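Chemist: Have a look at the structure that comes next, please.
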Amino acid sequence: MAPSDDGAPATSPLPALTAGQPLGLDAFFEPSDAWTEGRYDVADQGQVQGVTAQIGECDNEAAQALEMRLANKFDRVKFSVGQANDSDTSKNILSVAIPANGKQLDVRNIPFNRVQDFNVKVEGVNALEISLGQTRRDGDCTGSVRAVIFDGSLS
């Protein structure tokens with residue numbers, strides 16, 4: 001039997017999230033084509049498995065974001081972020097903003113050759129976003145950086 005066309009928009013299924021599962025690209029809600037998964041060297045850590053995107057110009061339109069639909073079922077999300085060693089430039093700073101349910105929970109700036117660990121309280125959160133952009137260092141913002149999100153889990 002063919003499905004009926006009732007005019008309702010098609011919906012994509014939400015990722016099935018469970019506590020303790022590693023957070024790969026499949027944990028995020030409708031990620032854009034800018035995001036991929038792979039292994040990258042980040043600072044002194046070799047071949048970490050992570051979710052990655054190129055972050056271009058230093059403006060809001062070049063930022064890349066991932067969203068998780070947590071359905072108010074978790075207490076914490078943990079992950080690490082850094083710039084891949086093969087980024088086009090080592091001069092720019094990666095900016096990470098984490099809004100949840102419309103409120104900003106955390107903002108961090110991560111220079112090249114550093115890894116920043118996040119441990120964010122998400123009790124009562126349905127929509128959590130991880131937004132990555134670049135900020136200027138000494139007025140210069142040429143080149144792109146490869147942001148890598150890795151070692152993620154929910155509890």
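Ordering of the structure tokens sets the chain letters (A, B, ...); residue numbers start at 1 within each chain; ligands are numbered from 1 in the order shown.
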When DSSP works through the backbone of this structure, what residues of chain A end up as strand (DSSP E), shown as a PDB file with N, CA, C and O atoms, in the first residue's frame?
Modeler:
```pdb
ATOM      1  N   THR A  36      31.392  16.490   8.990  1.00  0.00           N
ATOM      2  CA  THR A  36      31.770  15.120   8.671  1.00  0.00           C
ATOM      3  C   THR A  36      32.376  14.487   9.918  1.00  0.00           C
ATOM      4  O   THR A  36      32.572  15.157  10.935  1.00  0.00           O
ATOM      5  N   GLU A  37      32.674  13.200   9.818  1.00  0.00           N
ATOM      6  CA  GLU A  37      33.370  12.500  10.896  1.00  0.00           C
ATOM      7  C   GLU A  37      34.695  11.989  10.360  1.00  0.00           C
ATOM      8  O   GLU A  37      34.807  11.645   9.186  1.00  0.00           O
ATOM      9  N   GLY A  38      35.685  11.951  11.223  1.00  0.00           N
ATOM     10  CA  GLY A  38      36.975  11.421  10.816  1.00  0.00           C
ATOM     11  C   GLY A  38      37.954  11.435  11.963  1.00  0.00           C
ATOM     12  O   GLY A  38      37.605  11.754  13.101  1.00  0.00           O
ATOM     13  N   ARG A  39      39.192  11.096  11.644  1.00  0.00           N
ATOM     14  CA  ARG A  39      40.272  11.097  12.635  1.00  0.00           C
ATOM     15  C   ARG A  39      41.217  12.246  12.327  1.00  0.00           C
ATOM     16  O   ARG A  39      41.617  12.430  11.180  1.00  0.00           O
ATOM     17  N   TYR A  40      41.558  12.990  13.373  1.00  0.00           N
ATOM     18  CA  TYR A  40      42.406  14.164  13.214  1.00  0.00           C
ATOM     19  C   TYR A  40      43.384  14.267  14.370  1.00  0.00           C
ATOM     20  O   TYR A  40      43.079  13.855  15.496  1.00  0.00           O
ATOM     21  N   ASP A  41      44.540  14.849  14.096  1.00  0.00           N
ATOM     22  CA  ASP A  41      45.482  15.214  15.145  1.00  0.00           C
ATOM     23  C   ASP A  41      45.068  16.578  15.670  1.00  0.00           C
ATOM     24  O   ASP A  41      44.863  17.518  14.881  1.00  0.00           O
ATOM     25  N   VAL A  42      44.925  16.693  16.996  1.00  0.00           N
ATOM     26  CA  VAL A  42      44.520  17.938  17.636  1.00  0.00           C
ATOM     27  C   VAL A  42      45.510  18.209  18.765  1.00  0.00           C
ATOM     28  O   VAL A  42      45.591  17.419  19.717  1.00  0.00           O
ATOM     29  N   GLN A  45      47.289  15.422  20.763  1.00  0.00           N
ATOM     30  CA  GLN A  45      46.502  14.190  20.710  1.00  0.00           C
ATOM     31  C   GLN A  45      46.404  13.700  19.262  1.00  0.00           C
ATOM     32  O   GLN A  45      45.902  14.410  18.392  1.00  0.00           O
ATOM     33  N   GLY A  46      46.898  12.501  19.027  1.00  0.00           N
ATOM     34  CA  GLY A  46      46.925  11.959  17.679  1.00  0.00           C
ATOM     35  C   GLY A  46      45.702  11.149  17.335  1.00  0.00           C
ATOM     36  O   GLY A  46      45.202  10.373  18.142  1.00  0.00           O
ATOM     37  N   GLN A  47      45.212  11.360  16.122  1.00  0.00           N
ATOM     38  CA  GLN A  47      44.152  10.552  15.528  1.00  0.00           C
ATOM     39  C   GLN A  47      42.918  10.379  16.420  1.00  0.00           C
ATOM     40  O   GLN A  47      42.422   9.273  16.617  1.00  0.00           O
ATOM     41  N   VAL A  48      42.429  11.497  16.951  1.00  0.00           N
ATOM     42  CA  VAL A  48      41.180  11.436  17.720  1.00  0.00           C
ATOM     43  C   VAL A  48      40.016  11.314  16.747  1.00  0.00           C
ATOM     44  O   VAL A  48      40.015  11.932  15.678  1.00  0.00           O
ATOM     45  N   GLN A  49      39.047  10.480  17.087  1.00  0.00           N
ATOM     46  CA  GLN A  49      37.828  10.334  16.286  1.00  0.00           C
ATOM     47  C   GLN A  49      36.905  11.468  16.661  1.00  0.00           C
ATOM     48  O   GLN A  49      36.582  11.646  17.842  1.00  0.00           O
ATOM     49  N   GLY A  50      36.486  12.269  15.670  1.00  0.00           N
ATOM     50  CA  GLY A  50      35.646  13.402  15.998  1.00  0.00           C
ATOM     51  C   GLY A  50      34.740  13.844  14.876  1.00  0.00           C
ATOM     52  O   GLY A  50      34.809  13.359  13.750  1.00  0.00           O
ATOM     53  N   VAL A  51      33.891  14.793  15.226  1.00  0.00           N
ATOM     54  CA  VAL A  51      32.981  15.451  14.299  1.00  0.00           C
ATOM     55  C   VAL A  51      33.651  16.763  13.934  1.00  0.00           C
ATOM     56  O   VAL A  51      34.137  17.490  14.817  1.00  0.00           O
ATOM     57  N   THR A  52      33.701  17.098  12.643  1.00  0.00           N
ATOM     58  CA  THR A  52      34.521  18.219  12.211  1.00  0.00           C
ATOM     59  C   THR A  52      33.861  19.054  11.125  1.00  0.00           C
ATOM     60  O   THR A  52      33.032  18.549  10.368  1.00  0.00           O
ATOM     61  N   ALA A  53      34.244  20.337  11.084  1.00  0.00           N
ATOM     62  CA  ALA A  53      33.822  21.251  10.014  1.00  0.00           C
ATOM     63  C   ALA A  53      34.892  22.317   9.846  1.00  0.00           C
ATOM     64  O   ALA A  53      35.579  22.675  10.809  1.00  0.00           O
ATOM     65  N   GLN A  54      35.021  22.812   8.616  1.00  0.00           N
ATOM     66  CA  GLN A  54      35.886  23.953   8.348  1.00  0.00           C
ATOM     67  C   GLN A  54      35.131  25.202   8.781  1.00  0.00           C
ATOM     68  O   GLN A  54      33.974  25.385   8.425  1.00  0.00           O
ATOM     69  N   ILE A  55      35.798  26.063   9.532  1.00  0.00           N
ATOM     70  CA  ILE A  55      35.212  27.330   9.960  1.00  0.00           C
ATOM     71  C   ILE A  55      35.954  28.428   9.218  1.00  0.00           C
ATOM     72  O   ILE A  55      37.164  28.588   9.378  1.00  0.00           O
ATOM     73  N   GLN A  64      29.510  27.567  12.128  1.00  0.00           N
ATOM     74  CA  GLN A  64      28.863  26.273  11.897  1.00  0.00           C
ATOM     75  C   GLN A  64      28.275  25.799  13.225  1.00  0.00           C
ATOM     76  O   GLN A  64      28.917  25.952  14.263  1.00  0.00           O
ATOM     77  N   ALA A  65      27.089  25.229  13.175  1.00  0.00           N
ATOM     78  CA  ALA A  65      26.429  24.804  14.410  1.00  0.00           C
ATOM     79  C   ALA A  65      25.902  23.378  14.282  1.00  0.00           C
ATOM     80  O   ALA A  65      25.553  22.923  13.204  1.00  0.00           O
ATOM     81  N   LEU A  66      25.878  22.713  15.416  1.00  0.00           N
ATOM     82  CA  LEU A  66      25.252  21.400  15.564  1.00  0.00           C
ATOM     83  C   LEU A  66      24.221  21.496  16.665  1.00  0.00           C
ATOM     84  O   LEU A  66      24.429  22.207  17.656  1.00  0.00           O
ATOM     85  N   GLU A  67      23.127  20.771  16.519  1.00  0.00           N
ATOM     86  CA  GLU A  67      22.081  20.803  17.540  1.00  0.00           C
ATOM     87  C   GLU A  67      21.751  19.388  17.994  1.00  0.00           C
ATOM     88  O   GLU A  67      21.717  18.457  17.189  1.00  0.00           O
ATOM     89  N   MET A  68      21.515  19.250  19.283  1.00  0.00           N
ATOM     90  CA  MET A  68      21.064  17.982  19.850  1.00  0.00           C
ATOM     91  C   MET A  68      19.681  18.198  20.443  1.00  0.00           C
ATOM     92  O   MET A  68      19.430  19.221  21.073  1.00  0.00           O
ATOM     93  N   ARG A  69      18.810  17.233  20.246  1.00  0.00           N
ATOM     94  CA  ARG A  69      17.486  17.251  20.864  1.00  0.00           C
ATOM     95  C   ARG A  69      17.524  16.254  22.013  1.00  0.00           C
ATOM     96  O   ARG A  69      17.459  15.051  21.810  1.00  0.00           O
ATOM     97  N   ARG A  76      24.015  15.860  31.987  1.00  0.00           N
ATOM     98  CA  ARG A  76      25.251  16.499  31.537  1.00  0.00           C
ATOM     99  C   ARG A  76      25.628  16.034  30.146  1.00  0.00           C
ATOM    100  O   ARG A  76      25.347  14.905  29.756  1.00  0.00           O
ATOM    101  N   VAL A  77      26.296  16.929  29.427  1.00  0.00           N
ATOM    102  CA  VAL A  77      26.949  16.568  28.175  1.00  0.00           C
ATOM    103  C   VAL A  77      28.418  16.956  28.326  1.00  0.00           C
ATOM    104  O   VAL A  77      28.736  18.030  28.834  1.00  0.00           O
ATOM    105  N   LYS A  78      29.285  16.029  27.949  1.00  0.00           N
ATOM    106  CA  LYS A  78      30.729  16.252  28.026  1.00  0.00           C
ATOM    107  C   LYS A  78      31.315  16.075  26.629  1.00  0.00           C
ATOM    108  O   LYS A  78      30.905  15.180  25.890  1.00  0.00           O
ATOM    109  N   PHE A  79      32.265  16.927  26.280  1.00  0.00           N
ATOM    110  CA  PHE A  79      32.981  16.801  25.014  1.00  0.00           C
ATOM    111  C   PHE A  79      34.208  17.692  25.047  1.00  0.00           C
ATOM    112  O   PHE A  79      34.347  18.555  25.924  1.00  0.00           O
ATOM    113  N   SER A  80      35.098  17.469  24.103  1.00  0.00           N
ATOM    114  CA  SER A  80      36.301  18.283  23.961  1.00  0.00           C
ATOM    115  C   SER A  80      36.294  18.921  22.579  1.00  0.00           C
ATOM    116  O   SER A  80      35.740  18.358  21.628  1.00  0.00           O
ATOM    117  N   VAL A  81      36.919  20.097  22.464  1.00  0.00           N
ATOM    118  CA  VAL A  81      36.992  20.814  21.196  1.00  0.00           C
ATOM    119  C   VAL A  81      38.401  21.349  21.013  1.00  0.00           C
ATOM    120  O   VAL A  81      39.036  21.809  21.970  1.00  0.00           O
ATOM    121  N   GLY A  82      38.874  21.292  19.779  1.00  0.00           N
ATOM    122  CA  GLY A  82      40.158  21.881  19.439  1.00  0.00           C
ATOM    123  C   GLY A  82      40.236  22.122  17.951  1.00  0.00           C
ATOM    124  O   GLY A  82      39.333  21.748  17.194  1.00  0.00           O
ATOM    125  N   GLN A  83      41.326  22.749  17.540  1.00  0.00           N
ATOM    126  CA  GLN A  83      41.587  22.961  16.128  1.00  0.00           C
ATOM    127  C   GLN A  83      42.489  21.843  15.632  1.00  0.00           C
ATOM    128  O   GLN A  83      43.500  21.536  16.261  1.00  0.00           O
ATOM    129  N   ILE A  93      41.571  32.146  16.447  1.00  0.00           N
ATOM    130  CA  ILE A  93      41.011  31.556  17.661  1.00  0.00           C
ATOM    131  C   ILE A  93      39.633  30.996  17.352  1.00  0.00           C
ATOM    132  O   ILE A  93      38.795  31.675  16.754  1.00  0.00           O
ATOM    133  N   LEU A  94      39.402  29.767  17.740  1.00  0.00           N
ATOM    134  CA  LEU A  94      38.107  29.115  17.576  1.00  0.00           C
ATOM    135  C   LEU A  94      37.207  29.539  18.729  1.00  0.00           C
ATOM    136  O   LEU A  94      37.585  29.437  19.893  1.00  0.00           O
ATOM    137  N   SER A  95      36.030  30.022  18.410  1.00  0.00           N
ATOM    138  CA  SER A  95      35.063  30.451  19.418  1.00  0.00           C
ATOM    139  C   SER A  95      33.942  29.429  19.489  1.00  0.00           C
ATOM    140  O   SER A  95      33.358  29.066  18.468  1.00  0.00           O
ATOM    141  N   VAL A  96      33.642  28.940  20.697  1.00  0.00           N
ATOM    142  CA  VAL A  96      32.600  27.936  20.894  1.00  0.00           C
ATOM    143  C   VAL A  96      31.529  28.522  21.813  1.00  0.00           C
ATOM    144  O   VAL A  96      31.824  28.923  22.940  1.00  0.00           O
ATOM    145  N   ALA A  97      30.302  28.575  21.317  1.00  0.00           N
ATOM    146  CA  ALA A  97      29.162  29.043  22.109  1.00  0.00           C
ATOM    147  C   ALA A  97      28.189  27.880  22.270  1.00  0.00           C
ATOM    148  O   ALA A  97      27.974  27.116  21.324  1.00  0.00           O
ATOM    149  N   ILE A  98      27.620  27.767  23.470  1.00  0.00           N
ATOM    150  CA  ILE A  98      26.679  26.681  23.754  1.00  0.00           C
ATOM    151  C   ILE A  98      25.383  27.263  24.311  1.00  0.00           C
ATOM    152  O   ILE A  98      25.262  27.480  25.512  1.00  0.00           O
ATOM    153  N   PRO A  99      24.415  27.528  23.414  1.00  0.00           N
ATOM    154  CA  PRO A  99      23.092  27.923  23.893  1.00  0.00           C
ATOM    155  C   PRO A  99      22.207  26.687  24.065  1.00  0.00           C
ATOM    156  O   PRO A  99      22.372  25.684  23.371  1.00  0.00           O
ATOM    157  N   ALA A 100      21.291  26.763  25.017  1.00  0.00           N
ATOM    158  CA  ALA A 100      20.340  25.678  25.261  1.00  0.00           C
ATOM    159  C   ALA A 100      18.993  26.290  25.612  1.00  0.00           C
ATOM    160  O   ALA A 100      18.921  27.183  26.453  1.00  0.00           O
ATOM    161  N   LYS A 103      18.946  30.024  25.918  1.00  0.00           N
ATOM    162  CA  LYS A 103      19.804  30.738  26.872  1.00  0.00           C
ATOM    163  C   LYS A 103      21.255  30.287  26.677  1.00  0.00           C
ATOM    164  O   LYS A 103      21.515  29.103  26.467  1.00  0.00           O
ATOM    165  N   GLN A 104      22.172  31.242  26.765  1.00  0.00           N
ATOM    166  CA  GLN A 104      23.591  30.923  26.618  1.00  0.00           C
ATOM    167  C   GLN A 104      24.108  30.226  27.872  1.00  0.00           C
ATOM    168  O   GLN A 104      23.981  30.744  28.975  1.00  0.00           O
ATOM    169  N   LEU A 105      24.669  29.022  27.712  1.00  0.00           N
ATOM    170  CA  LEU A 105      25.208  28.279  28.854  1.00  0.00           C
ATOM    171  C   LEU A 105      26.712  28.476  29.011  1.00  0.00           C
ATOM    172  O   LEU A 105      27.224  28.458  30.125  1.00  0.00           O
ATOM    173  N   ASP A 106      27.425  28.636  27.888  1.00  0.00           N
ATOM    174  CA  ASP A 106      28.882  28.716  27.962  1.00  0.00           C
ATOM    175  C   ASP A 106      29.414  29.318  26.672  1.00  0.00           C
ATOM    176  O   ASP A 106      28.819  29.137  25.607  1.00  0.00           O
ATOM    177  N   VAL A 107      30.525  30.038  26.762  1.00  0.00           N
ATOM    178  CA  VAL A 107      31.261  30.550  25.609  1.00  0.00           C
ATOM    179  C   VAL A 107      32.736  30.432  25.944  1.00  0.00           C
ATOM    180  O   VAL A 107      33.165  30.830  27.031  1.00  0.00           O
ATOM    181  N   ARG A 108      33.506  29.858  25.027  1.00  0.00           N
ATOM    182  CA  ARG A 108      34.950  29.708  25.243  1.00  0.00           C
ATOM    183  C   ARG A 108      35.696  30.030  23.960  1.00  0.00           C
ATOM    184  O   ARG A 108      35.202  29.759  22.865  1.00  0.00           O
ATOM    185  N   ASN A 109      36.899  30.557  24.095  1.00  0.00           N
ATOM    186  CA  ASN A 109      37.792  30.803  22.973  1.00  0.00           C
ATOM    187  C   ASN A 109      38.964  29.848  23.071  1.00  0.00           C
ATOM    188  O   ASN A 109      39.587  29.728  24.133  1.00  0.00           O
ATOM    189  N   ILE A 110      39.276  29.179  21.960  1.00  0.00           N
ATOM    190  CA  ILE A 110      40.286  28.132  21.967  1.00  0.00           C
ATOM    191  C   ILE A 110      41.364  28.459  20.928  1.00  0.00           C
ATOM    192  O   ILE A 110      41.100  28.403  19.718  1.00  0.00           O
ATOM    193  N   VAL A 115      43.342  22.159  23.660  1.00  0.00           N
ATOM    194  CA  VAL A 115      42.093  21.404  23.706  1.00  0.00           C
ATOM    195  C   VAL A 115      41.299  21.926  24.887  1.00  0.00           C
ATOM    196  O   VAL A 115      41.841  22.092  25.981  1.00  0.00           O
ATOM    197  N   GLN A 116      40.023  22.213  24.666  1.00  0.00           N
ATOM    198  CA  GLN A 116      39.143  22.698  25.730  1.00  0.00           C
ATOM    199  C   GLN A 116      38.117  21.619  26.036  1.00  0.00           C
ATOM    200  O   GLN A 116      37.417  21.149  25.135  1.00  0.00           O
ATOM    201  N   ASP A 117      38.049  21.218  27.289  1.00  0.00           N
ATOM    202  CA  ASP A 117      37.051  20.249  27.729  1.00  0.00           C
ATOM    203  C   ASP A 117      35.804  20.990  28.202  1.00  0.00           C
ATOM    204  O   ASP A 117      35.904  22.008  28.888  1.00  0.00           O
ATOM    205  N   PHE A 118      34.648  20.467  27.835  1.00  0.00           N
ATOM    206  CA  PHE A 118      33.362  21.015  28.255  1.00  0.00           C
ATOM    207  C   PHE A 118      32.631  19.967  29.079  1.00  0.00           C
ATOM    208  O   PHE A 118      32.663  18.780  28.750  1.00  0.00           O
ATOM    209  N   ASN A 119      31.969  20.412  30.141  1.00  0.00           N
ATOM    210  CA  ASN A 119      31.139  19.570  30.980  1.00  0.00           C
ATOM    211  C   ASN A 119      29.938  20.435  31.353  1.00  0.00           C
ATOM    212  O   ASN A 119      29.983  21.196  32.311  1.00  0.00           O
ATOM    213  N   VAL A 120      28.882  20.341  30.560  1.00  0.00           N
ATOM    214  CA  VAL A 120      27.763  21.275  30.623  1.00  0.00           C
ATOM    215  C   VAL A 120      26.548  20.615  31.261  1.00  0.00           C
ATOM    216  O   VAL A 120      26.133  19.533  30.850  1.00  0.00           O
ATOM    217  N   LYS A 121      25.975  21.297  32.247  1.00  0.00           N
ATOM    218  CA  LYS A 121      24.752  20.827  32.884  1.00  0.00           C
ATOM    219  C   LYS A 121      23.587  21.047  31.922  1.00  0.00           C
ATOM    220  O   LYS A 121      23.381  22.164  31.442  1.00  0.00           O
ATOM    221  N   ALA A 127      16.680  21.428  23.568  1.00  0.00           N
ATOM    222  CA  ALA A 127      17.505  21.781  22.410  1.00  0.00           C
ATOM    223  C   ALA A 127      18.832  22.382  22.878  1.00  0.00           C
ATOM    224  O   ALA A 127      18.857  23.436  23.497  1.00  0.00           O
ATOM    225  N   LEU A 128      19.922  21.698  22.571  1.00  0.00           N
ATOM    226  CA  LEU A 128      21.275  22.165  22.897  1.00  0.00           C
ATOM    227  C   LEU A 128      22.022  22.376  21.588  1.00  0.00           C
ATOM    228  O   LEU A 128      22.004  21.521  20.712  1.00  0.00           O
ATOM    229  N   GLU A 129      22.668  23.519  21.455  1.00  0.00           N
ATOM    230  CA  GLU A 129      23.425  23.826  20.243  1.00  0.00           C
ATOM    231  C   GLU A 129      24.897  24.006  20.588  1.00  0.00           C
ATOM    232  O   GLU A 129      25.240  24.514  21.654  1.00  0.00           O
ATOM    233  N   ILE A 130      25.748  23.577  19.688  1.00  0.00           N
ATOM    234  CA  ILE A 130      27.186  23.856  19.775  1.00  0.00           C
ATOM    235  C   ILE A 130      27.507  24.663  18.530  1.00  0.00           C
ATOM    236  O   ILE A 130      27.411  24.152  17.412  1.00  0.00           O
ATOM    237  N   SER A 131      27.825  25.936  18.718  1.00  0.00           N
ATOM    238  CA  SER A 131      28.080  26.846  17.606  1.00  0.00           C
ATOM    239  C   SER A 131      29.552  27.222  17.599  1.00  0.00           C
ATOM    240  O   SER A 131      30.099  27.642  18.622  1.00  0.00           O
ATOM    241  N   LEU A 132      30.197  27.060  16.438  1.00  0.00           N
ATOM    242  CA  LEU A 132      31.624  27.318  16.326  1.00  0.00           C
ATOM    243  C   LEU A 132      31.899  28.376  15.271  1.00  0.00           C
ATOM    244  O   LEU A 132      31.375  28.308  14.162  1.00  0.00           O
ATOM    245  N   GLY A 133      32.723  29.338  15.632  1.00  0.00           N
ATOM    246  CA  GLY A 133      33.128  30.398  14.714  1.00  0.00           C
ATOM    247  C   GLY A 133      34.575  30.761  14.986  1.00  0.00           C
ATOM    248  O   GLY A 133      35.258  30.119  15.787  1.00  0.00           O
ATOM    249  N   GLN A 134      35.039  31.803  14.337  1.00  0.00           N
ATOM    250  CA  GLN A 134      36.395  32.290  14.566  1.00  0.00           C
ATOM    251  C   GLN A 134      36.339  33.690  15.144  1.00  0.00           C
ATOM    252  O   GLN A 134      35.429  34.457  14.840  1.00  0.00           O
ATOM    253  N   THR A 135      37.305  34.013  15.966  1.00  0.00           N
ATOM    254  CA  THR A 135      37.468  35.377  16.437  1.00  0.00           C
ATOM    255  C   THR A 135      38.825  35.882  15.956  1.00  0.00           C
ATOM    256  O   THR A 135      39.719  35.098  15.641  1.00  0.00           O
ATOM    257  N   VAL A 145      39.923  27.427   9.957  1.00  0.00           N
ATOM    258  CA  VAL A 145      40.360  26.436  10.936  1.00  0.00           C
ATOM    259  C   VAL A 145      39.424  25.241  10.839  1.00  0.00           C
ATOM    260  O   VAL A 145      38.257  25.376  10.487  1.00  0.00           O
ATOM    261  N   ARG A 146      39.952  24.065  11.124  1.00  0.00           N
ATOM    262  CA  ARG A 146      39.135  22.864  11.180  1.00  0.00           C
ATOM    263  C   ARG A 146      38.821  22.608  12.649  1.00  0.00           C
ATOM    264  O   ARG A 146      39.701  22.270  13.433  1.00  0.00           O
ATOM    265  N   ALA A 147      37.559  22.807  13.012  1.00  0.00           N
ATOM    266  CA  ALA A 147      37.108  22.534  14.377  1.00  0.00           C
ATOM    267  C   ALA A 147      36.845  21.044  14.514  1.00  0.00           C
ATOM    268  O   ALA A 147      36.269  20.423  13.621  1.00  0.00           O
ATOM    269  N   VAL A 148      37.268  20.470  15.637  1.00  0.00           N
ATOM    270  CA  VAL A 148      37.041  19.049  15.906  1.00  0.00           C
ATOM    271  C   VAL A 148      36.378  18.917  17.274  1.00  0.00           C
ATOM    272  O   VAL A 148      36.912  19.423  18.273  1.00  0.00           O
ATOM    273  N   ILE A 149      35.219  18.263  17.317  1.00  0.00           N
ATOM    274  CA  ILE A 149      34.514  17.956  18.558  1.00  0.00           C
ATOM    275  C   ILE A 149      34.703  16.460  18.791  1.00  0.00           C
ATOM    276  O   ILE A 149      34.368  15.655  17.925  1.00  0.00           O
ATOM    277  N   PHE A 150      35.246  16.098  19.956  1.00  0.00           N
ATOM    278  CA  PHE A 150      35.552  14.685  20.194  1.00  0.00           C
ATOM    279  C   PHE A 150      35.374  14.314  21.655  1.00  0.00           C
ATOM    280  O   PHE A 150      35.160  15.177  22.499  1.00  0.00           O
ATOM    281  N   ASP A 151      35.445  13.015  21.936  1.00  0.00           N
ATOM    282  CA  ASP A 151      35.281  12.466  23.284  1.00  0.00           C
ATOM    283  C   ASP A 151      33.989  12.934  23.950  1.00  0.00           C
ATOM    284  O   ASP A 151      33.962  13.248  25.134  1.00  0.00           O
ATOM    285  N   GLY A 152      32.902  12.946  23.184  1.00  0.00           N
ATOM    286  CA  GLY A 152      31.618  13.404  23.701  1.00  0.00           C
ATOM    287  C   GLY A 152      30.781  12.263  24.270  1.00  0.00           C
ATOM    288  O   GLY A 152      30.841  11.134  23.797  1.00  0.00           O
ATOM    289  N   SER A 153      30.002  12.594  25.314  1.00  0.00           N
ATOM    290  CA  SER A 153      29.056  11.636  25.872  1.00  0.00           C
ATOM    291  C   SER A 153      27.977  12.364  26.671  1.00  0.00           C
ATOM    292  O   SER A 153      28.155  13.504  27.075  1.00  0.00           O
ATOM    293  N   LEU A 154      26.877  11.685  26.864  1.00  0.00           N
ATOM    294  CA  LEU A 154      25.763  12.180  27.674  1.00  0.00           C
ATOM    295  C   LEU A 154      25.642  11.367  28.943  1.00  0.00           C
ATOM    296  O   LEU A 154      25.939  10.173  28.955  1.00  0.00           O
TER     297      LEU A 154
END
```
Chemist: Could you tell me how far CA of Ala34 in chain A lies from CA of Ala63 in chain A, in Å and to one decimal?
Modeler: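 Distance between the two atoms: 10.5 Å.
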Chemist: Could you jot down the CA of Ser155 in chain A to CA of Val125 in chain A separation for me, Å, one decimal place?
Modeler: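 Here the two named atoms are 12.8 Å from each other.
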Chemist: My list of candidates is A:Pro22, A:Gly102, A:Gly143, A:Pro111. Which is closest to Ala43 in chain A when distances are computed with only C-alpha atoms?
Modeler: A:Pro111
